[in-house]
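Asks: Have a look at the structure that comes next, please.
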Amino acid sequence: MAEDSKINLKLTPGEILIVAGAIVTLVFSFLHFYTAPSPLSGGVSAWGKGLVPITTIIVLFTVVMGVQVVLTKLLSVDLGAGIAGFTWTQVHVALGFFATLDSLAFLVVSKGGAGIGIGLILMLVGSAACFAGAILLGNERAKA
């Protein structure tokens with residue numbers, strides 16, 4: 001392996017939260033987002049009919065956050081200082097905030113008799129972890 005292509009395995013706590021939250025959100029988006037009123041009916045995942053593309057935005061936002069951290073920190077890919085005039089920390093905070101807000105909104109919206117599934121609960125946990133990681137990342141970079 002060439003010397004300039006070393007993999008950096010040092011992640012800060014904020015970066016760990018973002019990557020872990022992205023993985024949790026992606027994995028649990030395939031479980032029941034909503035459960036059917038009848039136990040025999042099952043449920044629907046975040047990728048189910050009627051929920052796409054609104055629920056997939058939560059997954060997309062958190063996965064973008066996680067991929068950016070993995071590319072820049074672990075693989076040392078230079079993605080620039082940010083996008084559209086925003087720093088990566090600002091992008092992370094915005095994406096984490098809106099992913100968490102969307103997840104929370106699905107808890108309070110009328111579900112037409114359906115219940116809250118484990119997928120929704122764990123997607124909320126994952127998106128909240130990404131948001132918390134983004135805030136922590138901002139604090140870590142401000143101290144550096």
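Naming works like this for the structure tokens: A, B, ... for the chains as they're shown, residue 1 at the start of each chain, ligands 1 onward in shown order.
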Could you build a table of the residues in stretch 28-62 of chain A lying no more than 7 Å from stretch 121-136 of chain A, giving for each the nearest pair of atoms and their separation in Å rounded to one decimal place, using only C-alpha atoms, ordered by chain and ascending residue number, as a tab-separated table?

Replies:
residue	atom	partner	partner_atom	distance
A:Phe28	CA	A:Met123	CA	6.2
A:Ser29	CA	A:Met123	CA	6.5
A:Thr62	CA	A:Ser127	CA	6.4

Asks: Excluding A:Asp78 and its own-chain neighbours fewer than 5 positions away, which residues fall within 12 Å of it when counting only C-alpha atoms? Please give them as JSON, numbers by chain.

Replies: {"A": [68, 69, 70, 71, 72, 73, 88]}

Asks: If you run DSSP on the backbone, which residues of stretch 12-134 of chain A are strand (DSSP E or B), as a ChimeraX atom specification?

Replies: /A:32-35,43-45,82-83,86-87,115-116

Asks: Just to be explicit: take each residue in the selection above, keep C-alpha atoms, and write the result as a compact mmCIF listing (two decimals), in the first residue's frame.

Replies:
# COMPACT_ATOMS: atom_id res chain seq x y z
CA HIS A 32 -41.93 -1.90 10.04
CA PHE A 33 -42.29 1.86 9.94
CA TYR A 34 -45.99 1.56 10.69
CA THR A 35 -47.77 -1.53 11.96
CA GLY A 43 -46.78 -3.53 8.54
CA VAL A 44 -45.03 -1.33 6.04
CA SER A 45 -41.37 -0.27 5.92
CA GLY A 82 -18.23 22.43 2.03
CA ILE A 83 -21.00 22.86 -0.51
CA PHE A 86 -21.83 26.13 3.75
CA THR A 87 -19.20 24.27 5.75
CA GLY A 115 -49.44 1.86 14.95
CA ILE A 116 -45.86 3.01 15.34

Asks: State, in Å with one decimal place, the distance from atom CA of A:Leu79 to atom CA of A:Val91.

Replies: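 Computed distance, atom CA of A:Leu79 to atom CA of A:Val91, equals 12.9 Å.
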
Asks: Which distance in Å separates atom CA of A:Gly117 and atom CA of A:Gly50, to one decimal?

Replies: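 Rounded to one decimal, the two atoms are 15.5 Å apart.
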